[in-house]
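> I'd like to ask some things about the structure below.
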Amino acid sequence: MKRYLMRWEVLLLGLLVLELLVFGFINPRFLRPSSMLFGTSDFVQVGIVAVPLTFVIIAGGIDVSFASTVGLCAITFGIANFFGLPLPVALLVGFATGALAGLLNATIIRLTGLQPLVVTLGSLYMFSGAATVLSGVVGANGYEGIGGFPAAFTALGYAQIFGLPMPLFVFLSFSAVLLVLLHLTRFGRLVFQIGQNENAARHSGMPVARVQMLTYVMTGVAAALAGVMLSAYFGSARVDLGSATLLPAITAAVLGGASIYGGQGSVLGTIIATFIIGYLQQGLQMSGVPSQISSALSGALLVLVVALRHGAALLRDIIPVRTRQID
Amino acid sequence: MLERIARDRIATLFLVTVAVLLAVGLAAPGFLAPRTASIIWSNGLVLMLVALGIFPVILTRNIDVSGGSILGLSAVTLGLSLNAGIAMPVAISMALGAGIAAGALNGFLVAVLGVPSIVATLGTLGLFRGVMLITTGGEWIEDLPEPLKMLGARSFAGLSVVGIVAAVAILVVWLFLRSRRGRWVMVTGDNRAAARHLGLPVKRIEFLAFVWAGVMASVAGITFAAQIGFVPNQAGSGIELRAIAALVLGGVSLLGGVGSVAGVVIGVIFFTSIDTTLVFLKIPAYWNDLIGGAMLLGVLLIDGRLRIALEARDRAARYRRGDQTSSTTRKLEDAA
């Protein structure tokens, strides 16, 4: 029992409940089921990229390029639609772009043996540049975006499935699949073991390169999913659709318990952390706090939680010595 | 030839920069003038200062991505206190104080609490930007006084006051890294555990590196305000990533302990000259990111492959020497 209660995810869940109670106290309208349910459409895209990002981080890498991949995929999808391709083909183009972006990252990291942060930093620029240039191709200059999607598609952004708004449903089902993949399959164990010790994994014959490549490709595909979903939600594909997800997504993964050094993390933690971050911003806005302050507070939240975790680890290093003396 | 390129990254980058500039000069006459050099220098000042600040942090094998927000925070501190009628020297020292405080917070989180630097500074990136927006109430600071703008204007020999400050900063970092204590920074980044066992104050070195990054980011903030003449909300956002990219391009290893001031300077100049030449060639600004990113990835790819190839060759050479010695011993054994 204690084993389950002491888990990081339980602590996060407690934090989430506490947060909801505090905001409910400040503004009772915040706790209305409909506003809580439909408010999620504003932040679930963060979770959609944060969950596969957790895989990348656990496997010992990092990816910051997803923030522009979201926009790039939305743009290629929008262009395919603009040139009259049927919707399924256009969707395929968008997802293929995402997969290729992930594949490019993984290939360059593999070929150069450089730190993933450097490589994906370069592709962060390149993808957003490519998206801007591409959107210029169809005459949608700058940030106004590519519109003209079929009405059936934009209606999807506001559709409901089993009473859940579409974006939330997509996020939950997508992360449920990844939850099973990470914690219950052979592939998931490989991800953890490679992150724990890459050399040991290689020497024991694990397909290190292939697994790491898959984690990057997954992030690319998830970015495409987020891009397509946001295009449906906003009714137009824009270059900067994903730029606001960069920090919250990394925050969600780290807050959710992923260690930046690899080998640790959980999908459930990232999911809960996504809701913590999302509701924090929304609750602050509903309590009349300007959005600038809420960004400061979510930054402070990340610093505080991580400092607490490391401070607790420091304390644990000190305390056992004292207990031994008492014994 | 390959060896020369891989071993001397800075010279190669310098040659490539010169070649690019010459090519642009051929395509667009009038580009190769002393004025262009002065434009590139002043365009690159802010990036140069931020990069010089992050440089020692990366040398200690940490990273600081909060530079852009510290820049904005100091620029706002400067702007608000100047517009409140505070004298310029006081206002500038208040801006520097903001930078020192911000850097000290980063340093405390990383060196004392042991939070991974990327996570800590990502958090403070949001935190500092938020604090900045709260103090301004989300509004731009305009009508900065004339004396401040004079700091950014070219006064003599095509150099501005802030330009001279940046040159002095380059000199200071160069001299410091040659000094005894400067080598400590390199040692800490190269092998932290070994440095600790040698008796170096590892935590203090890391802490001070972050404080230095904060100070330089606030000098960059002052430079920004002086050059632009107003402080927008987004002042400096994203510049930390550009600075890190320029550092990597200049041969600074993110694994710590490797890098030179010359590399930093040439990396920044390379990045700035790309932007400047694009403007000169009248290529629309939205191509900047694509070309900059592709060039960065290209350089990384070539550099990484060359390094791997060289290592393989060195290893092969070692094996060959090993073979020779073993064959000579075999001959001796045969003779015996």
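By convention here, the chains of the structure tokens are called A, B, ... in the order presented, each chain's residues are numbered starting at 1, and ligands are numbered starting at 1 in the order presented.
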Within 8 Å of chain B, which residues of chain A show up? Give each one with its shortest atom-to-atom distance in Å (one decimal) and the two atoms involved, counting only C-alpha atoms, rows by chain then rising residue number, as a Markdown table.

| residue | atom | partner | partner_atom | distance |
| --- | --- | --- | --- | --- |
| A:Ile108 | CA | B:Leu301 | CA | 6.7 |
| A:Leu111 | CA | B:Arg305 | CA | 6.8 |
| A:Thr112 | CA | B:Gly304 | CA | 4.2 |
| A:Gly113 | CA | B:Gly304 | CA | 6.7 |
| A:Leu114 | CA | B:Gly304 | CA | 6.9 |
| A:Gln115 | CA | B:Leu254 | CA | 7.4 |
| A:Val118 | CA | B:Ala245 | CA | 7.3 |
| A:Val119 | CA | B:Leu297 | CA | 6.7 |
| A:Leu121 | CA | B:Leu241 | CA | 7.2 |
| A:Gly122 | CA | B:Gly293 | CA | 5.0 |
| A:Ser123 | CA | B:Gly293 | CA | 6.1 |
| A:Leu124 | CA | B:Gly293 | CA | 7.5 |
| A:Tyr125 | CA | B:Gly293 | CA | 4.9 |
| A:Met126 | CA | B:Gly293 | CA | 4.3 |
| A:Phe127 | CA | B:Leu290 | CA | 7.0 |
| A:Ser128 | CA | B:Asp289 | CA | 6.9 |
| A:Gly129 | CA | B:Leu290 | CA | 3.9 |
| A:Ala130 | CA | B:Leu290 | CA | 5.5 |
| A:Thr132 | CA | B:Tyr286 | CA | 6.3 |
| A:Val133 | CA | B:Trp287 | CA | 6.4 |
| A:Gly142 | CA | B:Tyr286 | CA | 7.9 |
| A:Leu247 | CA | B:Leu122 | CA | 7.2 |
| A:Thr251 | CA | B:Gly123 | CA | 7.9 |
| A:Val254 | CA | B:Val119 | CA | 7.7 |
| A:Ile260 | CA | B:Pro116 | CA | 7.4 |
| A:Gln292 | CA | B:Gly130 | CA | 5.5 |
| A:Ile293 | CA | B:Gly130 | CA | 5.4 |
| A:Ser294 | CA | B:Gly130 | CA | 7.6 |
| A:Ser295 | CA | B:Gly130 | CA | 5.8 |
| A:Ala296 | CA | B:Gly130 | CA | 3.9 |
| A:Leu297 | CA | B:Leu127 | CA | 6.6 |
| A:Ser298 | CA | B:Gly126 | CA | 7.3 |
| A:Gly299 | CA | B:Gly123 | CA | 4.4 |
| A:Ala300 | CA | B:Leu127 | CA | 5.5 |
| A:Leu301 | CA | B:Gly123 | CA | 7.7 |
| A:Leu302 | CA | B:Gly123 | CA | 5.4 |
| A:Val303 | CA | B:Gly123 | CA | 5.2 |
| A:Val306 | CA | B:Val115 | CA | 6.7 |
| A:Ala307 | CA | B:Val115 | CA | 6.2 |
| A:His310 | CA | B:Val115 | CA | 6.2 |
| A:Gly311 | CA | B:Leu113 | CA | 6.0 |
| A:Leu314 | CA | B:Leu113 | CA | 7.8 |
> Skip region 222-226 of chain B itself and residues of its chain fewer than 6 positions away, then list as a VMD selection string all residues within 9 Å of it, counting only C-alpha atoms.
chain B and resid 45 to 46 49 71 to 72 74 to 76 78 to 79 92 95 to 96 144 147 to 153 162 to 163 235 to 236
> Kindly export the residues of the current selection with N, CA and C atoms, as an mmCIF file, in the first residue's frame.

data_model
loop_
_atom_site.group_PDB
_atom_site.id
_atom_site.type_symbol
_atom_site.label_atom_id
_atom_site.label_comp_id
_atom_site.auth_asym_id
_atom_site.auth_seq_id
_atom_site.Cartn_x
_atom_site.Cartn_y
_atom_site.Cartn_z
ATOM 1 N N LEU B 45 26.125 42.826 -31.772
ATOM 2 C CA LEU B 45 26.546 43.139 -30.401
ATOM 3 C C LEU B 45 25.753 42.390 -29.337
ATOM 4 N N VAL B 46 24.427 42.437 -29.438
ATOM 5 C CA VAL B 46 23.587 41.842 -28.405
ATOM 6 C C VAL B 46 23.844 40.330 -28.338
ATOM 7 N N LEU B 49 27.247 39.603 -26.759
ATOM 8 C CA LEU B 49 27.291 39.732 -25.297
ATOM 9 C C LEU B 49 26.603 38.537 -24.625
ATOM 10 N N LEU B 71 17.884 39.385 -20.279
ATOM 11 C CA LEU B 71 18.079 40.562 -21.132
ATOM 12 C C LEU B 71 16.859 41.473 -21.049
ATOM 13 N N GLY B 72 15.677 40.869 -21.230
ATOM 14 C CA GLY B 72 14.455 41.655 -21.203
ATOM 15 C C GLY B 72 14.241 42.303 -19.846
ATOM 16 N N SER B 74 16.457 43.142 -17.539
ATOM 17 C CA SER B 74 17.362 44.270 -17.269
ATOM 18 C C SER B 74 16.996 45.466 -18.130
ATOM 19 N N ALA B 75 16.619 45.216 -19.388
ATOM 20 C CA ALA B 75 16.258 46.340 -20.249
ATOM 21 C C ALA B 75 15.064 47.074 -19.668
ATOM 22 N N VAL B 76 14.102 46.297 -19.111
ATOM 23 C CA VAL B 76 12.923 46.925 -18.521
ATOM 24 C C VAL B 76 13.286 47.692 -17.253
ATOM 25 N N LEU B 78 16.101 49.075 -16.609
ATOM 26 C CA LEU B 78 16.779 50.291 -17.063
ATOM 27 C C LEU B 78 15.764 51.309 -17.560
ATOM 28 N N GLY B 79 14.871 50.845 -18.442
ATOM 29 C CA GLY B 79 13.920 51.764 -19.058
ATOM 30 C C GLY B 79 13.005 52.410 -18.037
ATOM 31 N N ILE B 92 21.737 52.293 -14.751
ATOM 32 C CA ILE B 92 22.512 51.211 -15.365
ATOM 33 C C ILE B 92 22.960 50.220 -14.304
ATOM 34 N N ALA B 95 20.094 48.006 -13.481
ATOM 35 C CA ALA B 95 19.889 46.976 -14.500
ATOM 36 C C ALA B 95 20.894 45.847 -14.316
ATOM 37 N N LEU B 96 22.149 46.223 -14.051
ATOM 38 C CA LEU B 96 23.176 45.199 -13.823
ATOM 39 C C LEU B 96 22.841 44.385 -12.581
ATOM 40 N N LEU B 144 12.732 56.515 -24.455
ATOM 41 C CA LEU B 144 13.931 56.452 -23.619
ATOM 42 C C LEU B 144 14.734 57.723 -23.851
ATOM 43 N N PRO B 147 20.434 60.557 -23.923
ATOM 44 C CA PRO B 147 21.796 60.124 -23.547
ATOM 45 C C PRO B 147 21.988 58.615 -23.655
ATOM 46 N N LEU B 148 20.908 57.835 -23.359
ATOM 47 C CA LEU B 148 21.025 56.387 -23.460
ATOM 48 C C LEU B 148 21.216 55.972 -24.904
ATOM 49 N N LYS B 149 20.436 56.605 -25.801
ATOM 50 C CA LYS B 149 20.546 56.251 -27.222
ATOM 51 C C LYS B 149 21.927 56.615 -27.759
ATOM 52 N N MET B 150 22.548 57.667 -27.151
ATOM 53 C CA MET B 150 23.890 58.056 -27.587
ATOM 54 C C MET B 150 24.888 56.910 -27.382
ATOM 55 N N LEU B 151 24.642 56.094 -26.338
ATOM 56 C CA LEU B 151 25.548 54.977 -26.078
ATOM 57 C C LEU B 151 25.579 54.013 -27.262
ATOM 58 N N GLY B 152 24.444 53.920 -27.953
ATOM 59 C CA GLY B 152 24.362 52.972 -29.056
ATOM 60 C C GLY B 152 24.739 53.573 -30.393
ATOM 61 N N ALA B 153 24.868 54.891 -30.451
ATOM 62 C CA ALA B 153 25.193 55.537 -31.722
ATOM 63 C C ALA B 153 26.688 55.427 -31.988
ATOM 64 N N VAL B 162 28.780 51.109 -26.603
ATOM 65 C CA VAL B 162 28.460 49.718 -26.268
ATOM 66 C C VAL B 162 29.339 48.762 -27.077
ATOM 67 N N GLY B 163 29.708 49.171 -28.293
ATOM 68 C CA GLY B 163 30.601 48.352 -29.108
ATOM 69 C C GLY B 163 31.950 48.196 -28.431
ATOM 70 N N ALA B 235 11.455 41.622 -25.971
ATOM 71 C CA ALA B 235 12.878 41.936 -26.087
ATOM 72 C C ALA B 235 13.721 40.727 -25.718
ATOM 73 N N GLY B 236 14.539 40.286 -26.652
ATOM 74 C CA GLY B 236 15.503 39.230 -26.352
ATOM 75 C C GLY B 236 14.951 37.827 -26.390
#
> Can you list, as a ChimeraX atom specification, all residues belonging to region 60-308 of chain B that DSSP tags as strand (DSSP E)?
/B:154-156,159-160
> Give me the residues near Val22 (chain A) as JSON, numbers by chain, where near means some atom within 12 Å (using only C-alpha atoms) and where sequence neighbours in that chain fewer than 2 positions away do not count.
{"A": [15, 16, 17, 18, 19, 20, 24, 25, 26, 27, 28, 30, 31, 279, 280, 283, 284, 287]}
> Could you turn the residues from that selection into a file that holds C-alpha atoms, as an mmCIF file, in the first residue's frame?

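Result file follows (part_11.cif):
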data_model
loop_
_atom_site.group_PDB
_atom_site.id
_atom_site.type_symbol
_atom_site.label_atom_id
_atom_site.label_comp_id
_atom_site.auth_asym_id
_atom_site.auth_seq_id
_atom_site.Cartn_x
_atom_site.Cartn_y
_atom_site.Cartn_z
ATOM 1 C CA LEU A 15 -1.281 18.749 -6.296
ATOM 2 C CA LEU A 16 -3.862 18.800 -9.104
ATOM 3 C CA VAL A 17 -6.772 18.353 -6.679
ATOM 4 C CA LEU A 18 -5.371 21.049 -4.395
ATOM 5 C CA GLU A 19 -4.997 23.401 -7.358
ATOM 6 C CA LEU A 20 -8.580 22.793 -8.505
ATOM 7 C CA GLY A 24 -12.762 26.723 -7.126
ATOM 8 C CA PHE A 25 -12.583 28.655 -3.878
ATOM 9 C CA ILE A 26 -11.494 31.850 -5.656
ATOM 10 C CA ASN A 27 -13.997 31.511 -8.466
ATOM 11 C CA PRO A 28 -16.734 28.859 -8.058
ATOM 12 C CA PHE A 30 -14.169 27.401 -12.467
ATOM 13 C CA LEU A 31 -15.423 24.075 -11.122
ATOM 14 C CA TYR A 279 -5.581 24.286 -15.365
ATOM 15 C CA LEU A 280 -3.049 26.545 -13.640
ATOM 16 C CA GLY A 283 -7.567 29.064 -13.310
ATOM 17 C CA LEU A 284 -5.309 32.107 -13.066
ATOM 18 C CA SER A 287 -9.349 34.478 -11.231
#
> Between A:Met229, A:Leu11, A:Val289, A:Val51, which has the minimum distance to Leu179 (chain A) (counting only C-alpha atoms)?
A:Val51
> Figure out the distance between CA of Ala244 (chain A) and CA of Leu47 (chain B), please, to one decimal in Å.
22.9 Å
> Please give the complete set of residues from region 80-222 of chain A that DSSP, run on the backbone, assigns to helix (DSSP H, G or I), formatted as an NGL selection string.
:A and (80-82 or 87-112 or 116-137 or 151-156 or 166-184 or 186-196 or 198-203 or 208-222)
> Write to file, as a short mmCIF file (atom, residue, chain, number, x, y, z; two decimals), in the first residue's frame, the residues of the selection just made, with C-alpha atoms.

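Once everything was written out, this is part.cif:
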data_model
loop_
_atom_site.label_atom_id
_atom_site.label_comp_id
_atom_site.auth_asym_id
_atom_site.auth_seq_id
_atom_site.Cartn_x
_atom_site.Cartn_y
_atom_site.Cartn_z
CA ALA A 80 -2.01 19.67 -49.64
CA ASN A 81 -5.59 20.68 -48.92
CA PHE A 82 -5.08 23.97 -50.81
CA LEU A 87 -8.75 15.09 -46.99
CA PRO A 88 -7.30 11.63 -46.15
CA VAL A 89 -4.36 12.23 -48.53
CA ALA A 90 -3.79 15.68 -47.06
CA LEU A 91 -3.79 14.20 -43.57
CA LEU A 92 -1.30 11.58 -44.74
CA VAL A 93 0.96 14.36 -46.08
CA GLY A 94 0.84 16.11 -42.70
CA PHE A 95 1.67 12.97 -40.72
CA ALA A 96 4.39 11.94 -43.19
CA THR A 97 6.00 15.36 -42.70
CA GLY A 98 6.02 14.82 -38.95
CA ALA A 99 7.52 11.34 -39.26
CA LEU A 100 10.17 12.63 -41.67
CA ALA A 101 11.05 15.48 -39.33
CA GLY A 102 11.57 13.03 -36.49
CA LEU A 103 13.55 10.73 -38.77
CA LEU A 104 15.79 13.63 -39.83
CA ASN A 105 16.51 14.54 -36.20
CA ALA A 106 17.31 10.96 -35.27
CA THR A 107 19.49 10.43 -38.35
CA ILE A 108 21.58 13.54 -37.75
CA ILE A 109 21.98 12.72 -34.06
CA ARG A 110 22.99 9.19 -35.01
CA LEU A 111 25.41 10.24 -37.76
CA THR A 112 27.19 12.97 -35.81
CA PRO A 116 20.50 15.84 -29.19
CA LEU A 117 19.86 19.32 -27.76
CA VAL A 118 22.22 20.92 -30.28
CA VAL A 119 20.86 19.03 -33.25
CA THR A 120 17.18 19.61 -32.45
CA LEU A 121 17.94 23.26 -31.74
CA GLY A 122 19.19 23.53 -35.32
CA SER A 123 16.12 21.77 -36.66
CA LEU A 124 13.88 23.97 -34.50
CA TYR A 125 15.06 26.88 -36.63
CA MET A 126 15.08 24.97 -39.87
CA PHE A 127 11.55 23.58 -39.53
CA SER A 128 10.02 26.91 -38.57
CA GLY A 129 11.93 28.54 -41.42
CA ALA A 130 10.75 25.85 -43.83
CA ALA A 131 7.17 26.31 -42.63
CA THR A 132 7.37 30.08 -43.16
CA VAL A 133 8.84 29.69 -46.63
CA LEU A 134 6.27 27.01 -47.58
CA SER A 135 3.37 29.12 -46.39
CA GLY A 136 4.70 31.86 -48.66
CA VAL A 137 4.43 29.41 -51.58
CA ALA A 151 -16.54 22.43 -43.16
CA ALA A 152 -16.71 18.76 -42.12
CA PHE A 153 -13.07 18.98 -41.02
CA THR A 154 -13.30 22.20 -39.02
CA ALA A 155 -16.46 20.86 -37.37
CA LEU A 156 -14.28 18.00 -36.05
CA MET A 166 -12.67 15.98 -29.60
CA PRO A 167 -9.19 17.30 -28.63
CA LEU A 168 -9.45 15.83 -25.14
CA PHE A 169 -10.65 12.51 -26.54
CA VAL A 170 -7.75 12.41 -29.00
CA PHE A 171 -5.27 13.24 -26.23
CA LEU A 172 -6.63 10.63 -23.81
CA SER A 173 -6.83 7.80 -26.33
CA PHE A 174 -3.42 8.64 -27.82
CA SER A 175 -1.75 8.73 -24.43
CA ALA A 176 -3.55 5.55 -23.33
CA VAL A 177 -1.90 3.75 -26.25
CA LEU A 178 1.48 5.22 -25.31
CA LEU A 179 0.93 4.34 -21.65
CA VAL A 180 0.53 0.69 -22.58
CA LEU A 181 3.46 0.94 -24.99
CA LEU A 182 5.85 2.36 -22.40
CA HIS A 183 4.90 0.45 -19.28
CA LEU A 184 3.61 -2.91 -20.54
CA ARG A 186 9.05 -5.01 -24.55
CA PHE A 187 9.64 -1.78 -26.46
CA GLY A 188 8.91 0.22 -23.31
CA ARG A 189 11.44 -1.76 -21.28
CA LEU A 190 14.00 -1.17 -24.03
CA VAL A 191 13.37 2.58 -23.81
CA PHE A 192 14.01 2.55 -20.06
CA GLN A 193 17.08 0.35 -20.25
CA ILE A 194 18.67 2.37 -23.03
CA GLY A 195 18.13 5.52 -20.99
CA GLN A 196 19.59 3.95 -17.86
CA GLU A 198 23.20 3.31 -23.26
CA ASN A 199 26.54 1.51 -23.47
CA ALA A 200 25.37 -1.41 -21.37
CA ALA A 201 22.26 -1.67 -23.55
CA ARG A 202 24.39 -1.69 -26.70
CA HIS A 203 26.77 -4.29 -25.35
CA VAL A 208 19.72 1.18 -29.33
CA ALA A 209 19.73 3.19 -32.55
CA ARG A 210 16.40 1.83 -33.74
CA VAL A 211 14.60 2.42 -30.43
CA GLN A 212 15.92 5.97 -30.10
CA MET A 213 14.98 6.69 -33.71
CA LEU A 214 11.45 5.44 -33.05
CA THR A 215 11.07 7.77 -30.07
CA TYR A 216 11.98 10.78 -32.24
CA VAL A 217 9.67 9.64 -35.04
CA MET A 218 6.86 9.23 -32.49
CA THR A 219 7.39 12.79 -31.31
CA GLY A 220 7.29 14.01 -34.92
CA VAL A 221 4.04 12.15 -35.60
CA ALA A 222 2.53 13.47 -32.36
#
> What's around Thr17 (chain B) at 10 Å? Count only C-alpha atoms, leave out sequence neighbours fewer than 5 positions away in its own chain, and write the answer as a list in words.
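That gives Ala11, Thr12, Leu22, Ala23, Ile266, Gly267, Ile269, Phe270, Phe271, Ser273 and Ile274 of chain B.
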